[in-house]
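Have a look at structure_36.pdb below; it lists PDB, C-alpha atoms.
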ATOM      1  CA  MET A   1       0.000   0.000   0.000
ATOM      2  CA  LYS A   2       1.272   3.445  -0.953
ATOM      3  CA  ARG A   3       2.309   5.498   2.028
ATOM      4  CA  VAL A   4       0.567   8.832   2.335
ATOM      5  CA  VAL A   5       2.694  11.923   2.898
ATOM      6  CA  LYS A   6       1.099  14.238   5.455
ATOM      7  CA  PHE A   7       1.495  18.008   5.550
ATOM      8  CA  ARG A   8       1.496  19.740   8.906
ATOM      9  CA  ILE A   9       2.885  22.667  10.858
ATOM     10  CA  ALA A  10       6.443  21.972  11.980
ATOM     11  CA  ASP A  11       7.274  21.545  15.628
ATOM     12  CA  ARG A  12      10.589  22.127  17.344
ATOM     13  CA  SER A  13      11.796  18.598  16.708
ATOM     14  CA  ASP A  14      11.485  19.146  12.933
ATOM     15  CA  VAL A  15      13.899  22.102  12.855
ATOM     16  CA  PRO A  16      17.147  20.167  12.231
ATOM     17  CA  ALA A  17      15.573  18.314   9.276
ATOM     18  CA  VAL A  18      14.198  21.571   7.868
ATOM     19  CA  LEU A  19      17.633  23.193   8.143
ATOM     20  CA  ASP A  20      19.124  20.245   6.267
ATOM     21  CA  LEU A  21      16.562  20.712   3.486
ATOM     22  CA  LEU A  22      17.238  24.460   3.266
ATOM     23  CA  ASP A  23      20.938  23.778   3.000
ATOM     24  CA  ASP A  24      20.748  20.827   0.585
ATOM     25  CA  ASP A  25      20.420  22.949  -2.490
ATOM     26  CA  SER A  26      23.027  23.900  -5.050
ATOM     27  CA  ILE A  27      21.844  27.502  -5.338
ATOM     28  CA  SER A  28      21.540  28.054  -1.582
ATOM     29  CA  ARG A  29      25.051  26.698  -1.169
ATOM     30  CA  THR A  30      26.446  29.482  -3.357
ATOM     31  CA  ARG A  31      25.503  31.834  -0.521
ATOM     32  CA  GLU A  32      28.101  31.912   2.265
ATOM     33  CA  ARG A  33      26.605  29.169   4.417
ATOM     34  CA  LEU A  34      23.534  31.198   5.203
ATOM     35  CA  VAL A  35      21.847  28.368   7.037
ATOM     36  CA  PRO A  36      24.001  27.949  10.104
ATOM     37  CA  ALA A  37      24.274  24.882  12.292
ATOM     38  CA  GLY A  38      21.066  23.895  13.998
ATOM     39  CA  ASP A  39      22.304  24.901  17.419
ATOM     40  CA  ASP A  40      22.532  28.572  16.509
ATOM     41  CA  ALA A  41      20.456  30.494  19.046
ATOM     42  CA  ALA A  42      19.220  32.959  16.406
ATOM     43  CA  VAL A  43      17.811  30.127  14.315
ATOM     44  CA  TRP A  44      15.941  28.691  17.298
ATOM     45  CA  ALA A  45      14.635  32.170  18.102
ATOM     46  CA  ALA A  46      13.446  32.464  14.493
ATOM     47  CA  PHE A  47      11.612  29.157  14.830
ATOM     48  CA  GLU A  48       9.933  30.367  18.024
ATOM     49  CA  ALA A  49       8.983  33.619  16.269
ATOM     50  CA  ILE A  50       7.397  31.732  13.360
ATOM     51  CA  ASP A  51       5.671  29.312  15.725
ATOM     52  CA  ALA A  52       4.165  32.135  17.803
ATOM     53  CA  ASP A  53       3.078  34.254  14.822
ATOM     54  CA  PRO A  54      -0.464  33.577  13.589
ATOM     55  CA  ARG A  55       0.550  34.899  10.141
ATOM     56  CA  ASN A  56       3.556  32.628   9.653
ATOM     57  CA  GLU A  57       3.563  28.845   9.331
ATOM     58  CA  LEU A  58       6.521  26.566   8.803
ATOM     59  CA  ILE A  59       5.168  23.514   6.981
ATOM     60  CA  VAL A  60       6.708  20.057   6.678
ATOM     61  CA  ALA A  61       5.916  17.092   4.451
ATOM     62  CA  ASP A  62       5.975  14.130   6.813
ATOM     63  CA  ASP A  63       6.446  10.631   5.417
ATOM     64  CA  ASP A  64       5.938   8.265   8.323
ATOM     65  CA  GLY A  65       7.981  10.487  10.622
ATOM     66  CA  ALA A  66      10.625  11.545   8.089
ATOM     67  CA  VAL A  67      10.625  15.191   7.016
ATOM     68  CA  ILE A  68      10.980  15.073   3.214
ATOM     69  CA  GLY A  69       9.776  18.559   2.283
ATOM     70  CA  THR A  70       9.173  22.016   3.687
ATOM     71  CA  CYS A  71       7.854  25.452   2.864
ATOM     72  CA  GLN A  72       7.015  28.594   4.797
ATOM     73  CA  LEU A  73       3.681  30.365   4.471
ATOM     74  CA  THR A  74       3.204  34.035   5.337
ATOM     75  CA  PHE A  75      -0.247  35.599   5.332
ATOM     76  CA  VAL A  76       0.126  39.329   4.677
ATOM     77  CA  PRO A  77      -2.778  41.630   5.510
ATOM     78  CA  SER A  78      -3.279  44.181   2.744
ATOM     79  CA  LEU A  79      -5.501  47.091   1.770
ATOM     80  CA  SER A  80      -5.547  45.847  -1.835
ATOM     81  CA  ARG A  81      -7.901  43.206  -3.179
ATOM     82  CA  GLY A  82     -10.764  44.116  -0.890
ATOM     83  CA  GLY A  83      -8.725  43.768   2.266
ATOM     84  CA  ALA A  84      -7.872  40.092   1.659
ATOM     85  CA  GLU A  85      -4.647  38.601   2.946
ATOM     86  CA  ARG A  86      -2.018  37.702   0.375
ATOM     87  CA  LEU A  87      -0.285  34.321   0.701
ATOM     88  CA  ILE A  88       3.485  34.377   0.303
ATOM     89  CA  VAL A  89       5.244  31.032  -0.082
ATOM     90  CA  GLU A  90       8.996  30.891   0.505
ATOM     91  CA  ALA A  91      11.723  28.352   1.192
ATOM     92  CA  VAL A  92      10.062  25.521  -0.748
ATOM     93  CA  ARG A  93      12.200  22.386  -0.682
ATOM     94  CA  VAL A  94      11.782  18.651  -1.308
ATOM     95  CA  ARG A  95      14.505  16.199  -0.284
ATOM     96  CA  ASP A  96      16.548  15.430  -3.401
ATOM     97  CA  ASP A  97      15.995  11.671  -3.269
ATOM     98  CA  ARG A  98      12.226  12.222  -3.141
ATOM     99  CA  ARG A  99      11.827  14.632  -6.044
ATOM    100  CA  GLY A 100       9.801  13.764  -9.143
ATOM    101  CA  HIS A 101       7.125  11.836  -7.251
ATOM    102  CA  GLY A 102       4.572  14.561  -6.687
ATOM    103  CA  VAL A 103       5.502  15.511  -3.124
ATOM    104  CA  GLY A 104       6.176  19.160  -4.047
ATOM    105  CA  ARG A 105       2.994  19.356  -6.092
ATOM    106  CA  ALA A 106       0.887  17.904  -3.279
ATOM    107  CA  MET A 107       2.559  20.224  -0.745
ATOM    108  CA  MET A 108       1.939  23.312  -2.899
ATOM    109  CA  ARG A 109      -1.693  22.325  -3.518
ATOM    110  CA  TRP A 110      -2.142  21.841   0.220
ATOM    111  CA  ALA A 111      -0.572  25.259   0.858
ATOM    112  CA  LEU A 112      -2.768  26.995  -1.736
ATOM    113  CA  ASP A 113      -5.873  25.362  -0.255
ATOM    114  CA  ARG A 114      -4.786  26.618   3.136
ATOM    115  CA  GLY A 115      -4.564  30.132   1.688
ATOM    116  CA  ARG A 116      -8.016  29.815   0.107
ATOM    117  CA  GLU A 117      -9.498  28.646   3.412
ATOM    118  CA  ARG A 118      -8.168  31.813   5.056
ATOM    119  CA  GLY A 119      -9.683  33.949   2.310
ATOM    120  CA  CYS A 120      -6.441  34.869   0.524
ATOM    121  CA  ARG A 121      -7.106  36.049  -3.029
ATOM    122  CA  LEU A 122      -3.540  35.985  -4.272
ATOM    123  CA  ALA A 123      -0.599  33.639  -3.778
ATOM    124  CA  GLN A 124       2.903  34.689  -4.705
ATOM    125  CA  LEU A 125       6.453  33.449  -4.541
ATOM    126  CA  THR A 126       9.842  34.257  -5.982
ATOM    127  CA  SER A 127      12.017  31.667  -7.654
ATOM    128  CA  ASP A 128      15.647  32.078  -8.685
ATOM    129  CA  LYS A 129      15.845  32.645 -12.460
ATOM    130  CA  ARG A 130      18.336  29.769 -12.680
ATOM    131  CA  ARG A 131      15.684  27.286 -11.462
ATOM    132  CA  VAL A 132      14.043  26.801 -14.864
ATOM    133  CA  GLU A 133      12.453  23.490 -13.892
ATOM    134  CA  ALA A 134      10.949  25.089 -10.808
ATOM    135  CA  HIS A 135       9.289  27.766 -12.958
ATOM    136  CA  ARG A 136       7.697  25.092 -15.146
ATOM    137  CA  PHE A 137       6.529  23.343 -11.986
ATOM    138  CA  TYR A 138       4.924  26.505 -10.576
ATOM    139  CA  GLU A 139       3.373  27.349 -13.952
ATOM    140  CA  SER A 140       1.819  23.884 -14.045
ATOM    141  CA  LEU A 141       0.167  24.802 -10.733
ATOM    142  CA  GLY A 142      -1.300  27.950 -12.286
ATOM    143  CA  PHE A 143       1.319  30.527 -11.323
ATOM    144  CA  THR A 144       2.314  33.159 -13.889
ATOM    145  CA  ALA A 145       5.795  34.708 -13.999
ATOM    146  CA  SER A 146       4.264  38.162 -14.365
ATOM    147  CA  HIS A 147       6.683  39.983 -12.074
ATOM    148  CA  GLU A 148      10.362  40.562 -11.558
ATOM    149  CA  GLY A 149      11.487  39.195  -8.193
ATOM    150  CA  MET A 150      14.010  41.750  -6.964
ATOM    151  CA  LYS A 151      16.393  41.141  -4.068
ATOM    152  CA  LEU A 152      18.841  43.293  -2.163
ATOM    153  CA  THR A 153      21.278  42.071   0.468
ATOM    154  CA  LEU A 154      21.181  44.474   3.423
TER     155      LEU A 154
ATOM    156  CA  MET B   1      12.963  76.715   1.961
ATOM    157  CA  LYS B   2      12.469  73.235   0.588
ATOM    158  CA  ARG B   3       9.780  71.332   2.404
ATOM    159  CA  VAL B   4      10.908  68.041   3.878
ATOM    160  CA  VAL B   5       8.818  64.938   3.191
ATOM    161  CA  LYS B   6       8.468  62.808   6.319
ATOM    162  CA  PHE B   7       8.019  59.064   6.388
ATOM    163  CA  ARG B   8       5.942  57.545   9.157
ATOM    164  CA  ILE B   9       3.597  54.696  10.011
ATOM    165  CA  ALA B  10       0.110  55.386   8.705
ATOM    166  CA  ASP B  11      -2.779  56.006  11.047
ATOM    167  CA  ARG B  12      -6.466  55.457  10.422
ATOM    168  CA  SER B  13      -6.957  58.927   8.962
ATOM    169  CA  ASP B  14      -4.424  58.165   6.201
ATOM    170  CA  VAL B  15      -6.348  55.155   4.851
ATOM    171  CA  PRO B  16      -8.507  56.984   2.255
ATOM    172  CA  ALA B  17      -5.425  58.687   0.775
ATOM    173  CA  VAL B  18      -3.538  55.381   0.696
ATOM    174  CA  LEU B  19      -6.470  53.695  -1.086
ATOM    175  CA  ASP B  20      -6.454  56.497  -3.662
ATOM    176  CA  LEU B  21      -2.734  55.935  -4.258
ATOM    177  CA  LEU B  22      -3.211  52.166  -4.612
ATOM    178  CA  ASP B  23      -5.978  52.739  -7.130
ATOM    179  CA  ASP B  24      -4.311  55.546  -9.100
ATOM    180  CA  ASP B  25      -2.230  53.257 -11.198
ATOM    181  CA  SER B  26      -2.754  52.113 -14.765
ATOM    182  CA  ILE B  27      -1.718  48.507 -14.048
ATOM    183  CA  SER B  28      -3.774  48.185 -10.861
ATOM    184  CA  ARG B  29      -6.774  49.525 -12.754
ATOM    185  CA  THR B  30      -6.595  46.602 -15.171
ATOM    186  CA  ARG B  31      -7.641  44.431 -12.210
ATOM    187  CA  GLU B  32     -11.404  44.505 -11.605
ATOM    188  CA  ARG B  33     -11.475  47.398  -9.135
ATOM    189  CA  LEU B  34      -9.505  45.469  -6.560
ATOM    190  CA  VAL B  35      -9.233  48.430  -4.235
ATOM    191  CA  PRO B  36     -12.820  48.980  -3.155
ATOM    192  CA  ALA B  37     -14.339  52.142  -1.771
ATOM    193  CA  GLY B  38     -12.814  53.331   1.473
ATOM    194  CA  ASP B  39     -15.891  52.474   3.482
ATOM    195  CA  ASP B  40     -15.543  48.742   2.863
ATOM    196  CA  ALA B  41     -15.480  47.033   6.259
ATOM    197  CA  ALA B  42     -12.952  44.434   5.094
ATOM    198  CA  VAL B  43     -10.497  47.156   4.131
ATOM    199  CA  TRP B  44     -10.809  48.812   7.533
ATOM    200  CA  ALA B  45     -10.336  45.404   9.168
ATOM    201  CA  ALA B  46      -7.202  44.927   7.047
ATOM    202  CA  PHE B  47      -5.878  48.285   8.225
ATOM    203  CA  GLU B  48      -6.528  47.303  11.859
ATOM    204  CA  ALA B  49      -4.762  43.967  11.244
ATOM    205  CA  ILE B  50      -1.703  45.711   9.786
ATOM    206  CA  ASP B  51      -1.717  48.298  12.563
ATOM    207  CA  ALA B  52      -1.848  45.637  15.299
ATOM    208  CA  ASP B  53       0.783  43.368  13.734
ATOM    209  CA  PRO B  54       4.366  44.047  14.871
ATOM    210  CA  ARG B  55       5.632  42.495  11.597
ATOM    211  CA  ASN B  56       3.580  44.674   9.252
ATOM    212  CA  GLU B  57       3.854  48.425   8.758
ATOM    213  CA  LEU B  58       1.870  50.607   6.404
ATOM    214  CA  ILE B  59       4.116  53.582   5.610
ATOM    215  CA  VAL B  60       3.146  56.974   4.218
ATOM    216  CA  ALA B  61       5.197  59.820   2.767
ATOM    217  CA  ASP B  62       3.779  62.914   4.429
ATOM    218  CA  ASP B  63       4.338  66.304   2.815
ATOM    219  CA  ASP B  64       3.022  68.848   5.286
ATOM    220  CA  GLY B  65      -0.045  66.733   6.011
ATOM    221  CA  ALA B  66      -0.622  65.476   2.460
ATOM    222  CA  VAL B  67      -0.047  61.768   1.811
ATOM    223  CA  ILE B  68       1.969  61.646  -1.416
ATOM    224  CA  GLY B  69       3.435  58.140  -1.209
ATOM    225  CA  THR B  70       2.984  54.785   0.472
ATOM    226  CA  CYS B  71       4.444  51.329   0.833
ATOM    227  CA  GLN B  72       3.879  48.321   3.061
ATOM    228  CA  LEU B  73       6.684  46.617   4.943
ATOM    229  CA  THR B  74       6.454  43.009   6.141
ATOM    230  CA  PHE B  75       9.171  41.523   8.333
ATOM    231  CA  VAL B  76       9.196  37.760   7.810
ATOM    232  CA  PRO B  77      10.950  35.566  10.385
ATOM    233  CA  SER B  78      12.978  32.867   8.649
ATOM    234  CA  LEU B  79      15.278  29.949   9.408
ATOM    235  CA  SER B  80      17.536  30.972   6.497
ATOM    236  CA  ARG B  81      20.271  33.590   6.705
ATOM    237  CA  GLY B  82      21.123  32.892  10.324
ATOM    238  CA  GLY B  83      17.585  33.366  11.557
ATOM    239  CA  ALA B  84      17.369  36.978  10.351
ATOM    240  CA  GLU B  85      14.059  38.471   9.303
ATOM    241  CA  ARG B  86      13.541  39.157   5.611
ATOM    242  CA  LEU B  87      12.046  42.520   4.608
ATOM    243  CA  ILE B  88       9.295  42.363   2.006
ATOM    244  CA  VAL B  89       8.196  45.637   0.431
ATOM    245  CA  GLU B  90       4.868  45.742  -1.397
ATOM    246  CA  ALA B  91       2.343  48.263  -2.675
ATOM    247  CA  VAL B  92       4.902  51.012  -3.366
ATOM    248  CA  ARG B  93       3.226  54.097  -4.816
ATOM    249  CA  VAL B  94       4.021  57.784  -5.264
ATOM    250  CA  ARG B  95       1.281  60.239  -6.271
ATOM    251  CA  ASP B  96       1.566  60.778 -10.027
ATOM    252  CA  ASP B  97       2.019  64.566  -9.814
ATOM    253  CA  ARG B  98       4.914  64.091  -7.383
ATOM    254  CA  ARG B  99       6.947  61.499  -9.302
ATOM    255  CA  GLY B 100      10.445  62.222 -10.557
ATOM    256  CA  HIS B 101      11.464  64.313  -7.549
ATOM    257  CA  GLY B 102      13.090  61.680  -5.384
ATOM    258  CA  VAL B 103      10.174  60.934  -3.069
ATOM    259  CA  GLY B 104      10.115  57.235  -3.997
ATOM    260  CA  ARG B 105      13.885  56.979  -3.659
ATOM    261  CA  ALA B 106      13.878  58.641  -0.248
ATOM    262  CA  MET B 107      10.972  56.445   0.890
ATOM    263  CA  MET B 108      12.700  53.241  -0.254
ATOM    264  CA  ARG B 109      15.980  54.250   1.417
ATOM    265  CA  TRP B 110      14.065  54.989   4.604
ATOM    266  CA  ALA B 111      12.360  51.567   4.348
ATOM    267  CA  LEU B 112      15.642  49.739   3.749
ATOM    268  CA  ASP B 113      17.239  51.527   6.715
ATOM    269  CA  ARG B 114      14.271  50.461   8.817
ATOM    270  CA  GLY B 115      14.912  46.864   7.737
ATOM    271  CA  ARG B 116      18.616  47.152   8.569
ATOM    272  CA  GLU B 117      17.798  48.548  12.020
ATOM    273  CA  ARG B 118      15.679  45.456  12.692
ATOM    274  CA  GLY B 119      18.513  43.201  11.585
ATOM    275  CA  CYS B 120      17.030  42.100   8.245
ATOM    276  CA  ARG B 121      19.687  40.729   5.916
ATOM    277  CA  LEU B 122      17.617  40.626   2.751
ATOM    278  CA  ALA B 123      15.025  42.939   1.214
ATOM    279  CA  GLN B 124      12.788  41.758  -1.582
ATOM    280  CA  LEU B 125       9.904  42.933  -3.691
ATOM    281  CA  THR B 126       8.067  41.971  -6.835
ATOM    282  CA  SER B 127       7.416  44.418  -9.648
ATOM    283  CA  ASP B 128       5.148  43.866 -12.653
ATOM    284  CA  LYS B 129       7.280  43.073 -15.717
ATOM    285  CA  ARG B 130       5.502  45.867 -17.601
ATOM    286  CA  ARG B 131       6.912  48.460 -15.166
ATOM    287  CA  VAL B 132      10.299  48.778 -16.879
ATOM    288  CA  GLU B 133      11.031  52.180 -15.343
ATOM    289  CA  ALA B 134      10.315  50.796 -11.894
ATOM    290  CA  HIS B 135      12.885  48.031 -12.423
ATOM    291  CA  ARG B 136      15.540  50.604 -13.339
ATOM    292  CA  PHE B 137      14.583  52.557 -10.247
ATOM    293  CA  TYR B 138      14.934  49.526  -7.966
ATOM    294  CA  GLU B 139      18.204  48.513  -9.643
ATOM    295  CA  SER B 140      19.550  51.996  -8.966
ATOM    296  CA  LEU B 141      18.832  51.317  -5.281
ATOM    297  CA  GLY B 142      20.870  48.104  -5.437
ATOM    298  CA  PHE B 143      18.162  45.543  -6.115
ATOM    299  CA  THR B 144      18.877  42.737  -8.591
ATOM    300  CA  ALA B 145      16.159  41.121 -10.706
ATOM    301  CA  SER B 146      17.516  37.682  -9.851
ATOM    302  CA  HIS B 147      14.177  35.946  -9.397
ATOM    303  CA  GLU B 148      10.924  35.341 -11.203
ATOM    304  CA  GLY B 149       8.016  36.885  -9.310
ATOM    305  CA  MET B 150       5.221  34.339  -9.696
ATOM    306  CA  LYS B 151       1.584  35.080  -8.891
ATOM    307  CA  LEU B 152      -1.569  32.990  -8.744
ATOM    308  CA  THR B 153      -5.079  34.327  -8.211
ATOM    309  CA  LEU B 154      -6.844  32.109  -5.682
TER     310      LEU B 154
END
Using structure tokens, write down the structure that the file contains.
Amino acid sequence: MKRVVKFRIADRSDVPAVLDLLDDDSISRTRERLVPAGDDAAVWAAFEAIDADPRNELIVADDDGAVIGTCQLTFVPSLSRGGAERLIVEAVRVRDDRRGHGVGRAMMRWALDRGRERGCRLAQLTSDKRRVEAHRFYESLGFTASHEGMKLTL
Amino acid sequence: MKRVVKFRIADRSDVPAVLDLLDDDSISRTRERLVPAGDDAAVWAAFEAIDADPRNELIVADDDGAVIGTCQLTFVPSLSRGGAERLIVEAVRVRDDRRGHGVGRAMMRWALDRGRERGCRLAQLTSDKRRVEAHRFYESLGFTASHEGMKLTL
């Protein structure tokens, strides 16, 4: 019988696996190790901040106890679009040995449904221009690359 | 003597002027009037949500009591980049009769400084691909169009 991957809000015990996923990425690695070791106090404080914030959710894809995917959802209140929140998805990752089997697609669909349930009218994300396959993936979910995603290191 | 434009967090009395700025935009107008009349309860609720949220700030450019620009800042806690918050800037507008005089530039610099003061290590925004002048403006501030900005109407 096919195992079913569950999607849920991360708890503290998931943080090391999530950090591994964030770091296990050829483009992320070109940044000077921006995901520090899991014992960094600032990273734990960031987890606590996300966990306590009703407008931020760290999500994991859980396959029988193994964290094989993650994303972060941010619900941004806005005066545009009739006062609806806007759903921002960031830090989407699937473990490299589990790609190509629909885990990312199922996780994104779950995330978009979660946005719809909250009344969000728009979902958005930015994806590195080098990740051409990722763009095709997001377009297959209905996203349009209508905007430039601009970044500035502070 | 040159008047000095001040940047500050919006209060309730600024909301109608901010809605006018959000609506006074040829690209926004191609959406089916997504900024409703200022008396819409959902829009007021959205303002209250932003105002009460320590990670969201609605900013106005105030020229001697007249609101001539706006943007919204969202500080997103993140496990990446050593646990630093990421600054997202959205809904950047300058009143059309006041463009080309540095108000937008001063407002963005003020916003980026505000992000730095909070310890943000990355600022990001999305800008409609049709707004070519806007991209040049953001690039002149140091932004790089490194990402696709992908959107999906829910």
Give me the result of the PyMOL selection byres ((chain B) within 8 of (chain A)) on this file, residue by residue, as an MDAnalysis selection string. chainID B and resid 19 22 34:36 40 42:47 49:50 56 74 76:85 112 115:116 120:129 135 138 142:154
Give me the least-squares superposed chain B (reference chain A; all C-alpha atoms paired in order) as a compact mmCIF listing (two decimals) with C-alpha atoms, in the coordinates of the input.
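Output file result19.txt follows:
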# COMPACT_ATOMS: atom_id res chain seq x y z
CA MET B 1 -0.09 0.02 0.11
CA LYS B 2 1.21 3.42 -0.89
CA ARG B 3 2.27 5.48 2.07
CA VAL B 4 0.55 8.83 2.35
CA VAL B 5 2.68 11.93 2.89
CA LYS B 6 1.10 14.25 5.45
CA PHE B 7 1.49 18.00 5.55
CA ARG B 8 1.48 19.73 8.92
CA ILE B 9 2.88 22.67 10.85
CA ALA B 10 6.42 21.97 11.98
CA ASP B 11 7.28 21.56 15.63
CA ARG B 12 10.59 22.14 17.34
CA SER B 13 11.80 18.60 16.70
CA ASP B 14 11.49 19.14 12.92
CA VAL B 15 13.90 22.11 12.85
CA PRO B 16 17.15 20.17 12.22
CA ALA B 17 15.58 18.32 9.27
CA VAL B 18 14.19 21.57 7.86
CA LEU B 19 17.64 23.21 8.14
CA ASP B 20 19.14 20.26 6.26
CA LEU B 21 16.56 20.71 3.49
CA LEU B 22 17.23 24.46 3.27
CA ASP B 23 20.95 23.79 3.00
CA ASP B 24 20.77 20.84 0.59
CA ASP B 25 20.44 22.95 -2.47
CA SER B 26 23.05 23.89 -5.04
CA ILE B 27 21.86 27.51 -5.32
CA SER B 28 21.56 28.07 -1.57
CA ARG B 29 25.06 26.68 -1.16
CA THR B 30 26.45 29.45 -3.36
CA ARG B 31 25.52 31.81 -0.51
CA GLU B 32 28.14 31.85 2.26
CA ARG B 33 26.63 29.12 4.43
CA LEU B 34 23.54 31.16 5.16
CA VAL B 35 21.85 28.33 7.01
CA PRO B 36 24.03 27.92 10.08
CA ALA B 37 24.33 24.88 12.29
CA GLY B 38 21.12 23.86 14.00
CA ASP B 39 22.35 24.90 17.41
CA ASP B 40 22.53 28.58 16.48
CA ALA B 41 20.45 30.49 19.03
CA ALA B 42 19.20 32.96 16.41
CA VAL B 43 17.79 30.13 14.32
CA TRP B 44 15.93 28.69 17.30
CA ALA B 45 14.63 32.18 18.10
CA ALA B 46 13.44 32.46 14.49
CA PHE B 47 11.61 29.16 14.82
CA GLU B 48 9.93 30.37 18.03
CA ALA B 49 8.97 33.62 16.26
CA ILE B 50 7.40 31.73 13.35
CA ASP B 51 5.67 29.32 15.72
CA ALA B 52 4.16 32.14 17.80
CA ASP B 53 3.07 34.26 14.82
CA PRO B 54 -0.48 33.57 13.58
CA ARG B 55 0.54 34.90 10.13
CA ASN B 56 3.55 32.62 9.65
CA GLU B 57 3.56 28.85 9.32
CA LEU B 58 6.53 26.57 8.80
CA ILE B 59 5.17 23.51 6.98
CA VAL B 60 6.72 20.06 6.68
CA ALA B 61 5.92 17.09 4.45
CA ASP B 62 5.97 14.13 6.82
CA ASP B 63 6.44 10.64 5.40
CA ASP B 64 5.93 8.27 8.31
CA GLY B 65 7.96 10.49 10.63
CA ALA B 66 10.60 11.54 8.09
CA VAL B 67 10.62 15.19 7.00
CA ILE B 68 10.99 15.08 3.22
CA GLY B 69 9.77 18.56 2.28
CA THR B 70 9.17 22.02 3.68
CA CYS B 71 7.86 25.46 2.87
CA GLN B 72 7.01 28.61 4.79
CA LEU B 73 3.68 30.36 4.47
CA THR B 74 3.20 34.04 5.34
CA PHE B 75 -0.26 35.60 5.33
CA VAL B 76 0.12 39.32 4.68
CA PRO B 77 -2.80 41.63 5.52
CA SER B 78 -3.30 44.18 2.74
CA LEU B 79 -5.52 47.09 1.77
CA SER B 80 -5.56 45.84 -1.85
CA ARG B 81 -7.91 43.19 -3.19
CA GLY B 82 -10.78 44.08 -0.89
CA GLY B 83 -8.73 43.76 2.27
CA ALA B 84 -7.90 40.08 1.67
CA GLU B 85 -4.66 38.60 2.94
CA ARG B 86 -2.02 37.70 0.38
CA LEU B 87 -0.29 34.32 0.70
CA ILE B 88 3.48 34.38 0.30
CA VAL B 89 5.24 31.04 -0.08
CA GLU B 90 8.99 30.89 0.51
CA ALA B 91 11.72 28.35 1.19
CA VAL B 92 10.06 25.52 -0.75
CA ARG B 93 12.21 22.38 -0.69
CA VAL B 94 11.78 18.66 -1.31
CA ARG B 95 14.51 16.21 -0.29
CA ASP B 96 16.56 15.44 -3.40
CA ASP B 97 16.00 11.66 -3.28
CA ARG B 98 12.23 12.22 -3.15
CA ARG B 99 11.84 14.65 -6.06
CA GLY B 100 9.82 13.78 -9.14
CA HIS B 101 7.13 11.85 -7.25
CA GLY B 102 4.58 14.58 -6.69
CA VAL B 103 5.50 15.52 -3.13
CA GLY B 104 6.18 19.16 -4.05
CA ARG B 105 2.99 19.36 -6.09
CA ALA B 106 0.89 17.90 -3.29
CA MET B 107 2.55 20.22 -0.75
CA MET B 108 1.94 23.32 -2.90
CA ARG B 109 -1.70 22.34 -3.52
CA TRP B 110 -2.14 21.83 0.22
CA ALA B 111 -0.56 25.27 0.85
CA LEU B 112 -2.76 26.99 -1.74
CA ASP B 113 -5.87 25.35 -0.25
CA ARG B 114 -4.78 26.60 3.15
CA GLY B 115 -4.56 30.11 1.69
CA ARG B 116 -8.01 29.80 0.11
CA GLU B 117 -9.49 28.63 3.42
CA ARG B 118 -8.15 31.80 5.06
CA GLY B 119 -9.68 33.92 2.32
CA CYS B 120 -6.45 34.85 0.52
CA ARG B 121 -7.11 36.03 -3.03
CA LEU B 122 -3.54 35.98 -4.28
CA ALA B 123 -0.60 33.64 -3.78
CA GLN B 124 2.90 34.69 -4.70
CA LEU B 125 6.45 33.45 -4.54
CA THR B 126 9.84 34.26 -5.97
CA SER B 127 12.02 31.67 -7.65
CA ASP B 128 15.66 32.08 -8.68
CA LYS B 129 15.85 32.65 -12.45
CA ARG B 130 18.35 29.78 -12.69
CA ARG B 131 15.70 27.31 -11.46
CA VAL B 132 14.05 26.82 -14.86
CA GLU B 133 12.47 23.50 -13.89
CA ALA B 134 10.96 25.11 -10.81
CA HIS B 135 9.30 27.78 -12.96
CA ARG B 136 7.70 25.10 -15.14
CA PHE B 137 6.54 23.36 -11.99
CA TYR B 138 4.93 26.51 -10.59
CA GLU B 139 3.38 27.36 -13.96
CA SER B 140 1.83 23.89 -14.04
CA LEU B 141 0.17 24.81 -10.73
CA GLY B 142 -1.29 27.96 -12.28
CA PHE B 143 1.33 30.53 -11.33
CA THR B 144 2.32 33.17 -13.89
CA ALA B 145 5.80 34.71 -14.01
CA SER B 146 4.27 38.17 -14.36
CA HIS B 147 6.68 40.00 -12.08
CA GLU B 148 10.37 40.56 -11.56
CA GLY B 149 11.49 39.19 -8.20
CA MET B 150 13.99 41.77 -6.96
CA LYS B 151 16.37 41.15 -4.06
CA LEU B 152 18.83 43.31 -2.15
CA THR B 153 21.26 42.08 0.49
CA LEU B 154 21.16 44.49 3.43
- So which residues get picked by the PyMOL selection byres ((chain A and resi 59) around 8) here, written as JSON, numbers by chain? {"A": [7, 8, 9, 10, 57, 58, 60, 61, 70, 71, 72, 73]}
Quick one: write out the picked residues with C-alpha atoms as a compact mmCIF listing (two decimals), in the frame of the given file?
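Output below, filename again.txt:
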# COMPACT_ATOMS: atom_id res chain seq x y z
CA PHE A 7 1.50 18.01 5.55
CA ARG A 8 1.50 19.74 8.91
CA ILE A 9 2.88 22.67 10.86
CA ALA A 10 6.44 21.97 11.98
CA GLU A 57 3.56 28.84 9.33
CA LEU A 58 6.52 26.57 8.80
CA VAL A 60 6.71 20.06 6.68
CA ALA A 61 5.92 17.09 4.45
CA THR A 70 9.17 22.02 3.69
CA CYS A 71 7.85 25.45 2.86
CA GLN A 72 7.02 28.59 4.80
CA LEU A 73 3.68 30.36 4.47
**Report entry** Å distance separating CA of Arg105 (chain A) from CA of Val89 (chain B), one decimal place
**Finding:**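 For CA of Arg105 (chain A) relative to CA of Val89 (chain B), the distance reads 27.6 Å.
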- Task: With a distance cut-off of 8 Å and all atoms listed in the file, select the neighbouring residues of Leu21 (chain B), excluding the residue or stretch itself and same-chain residues fewer than 3 positions from it, and output the selection as a PyMOL selection string.
- Result: chain B and resi 17-18+24-25+68-70+93-95
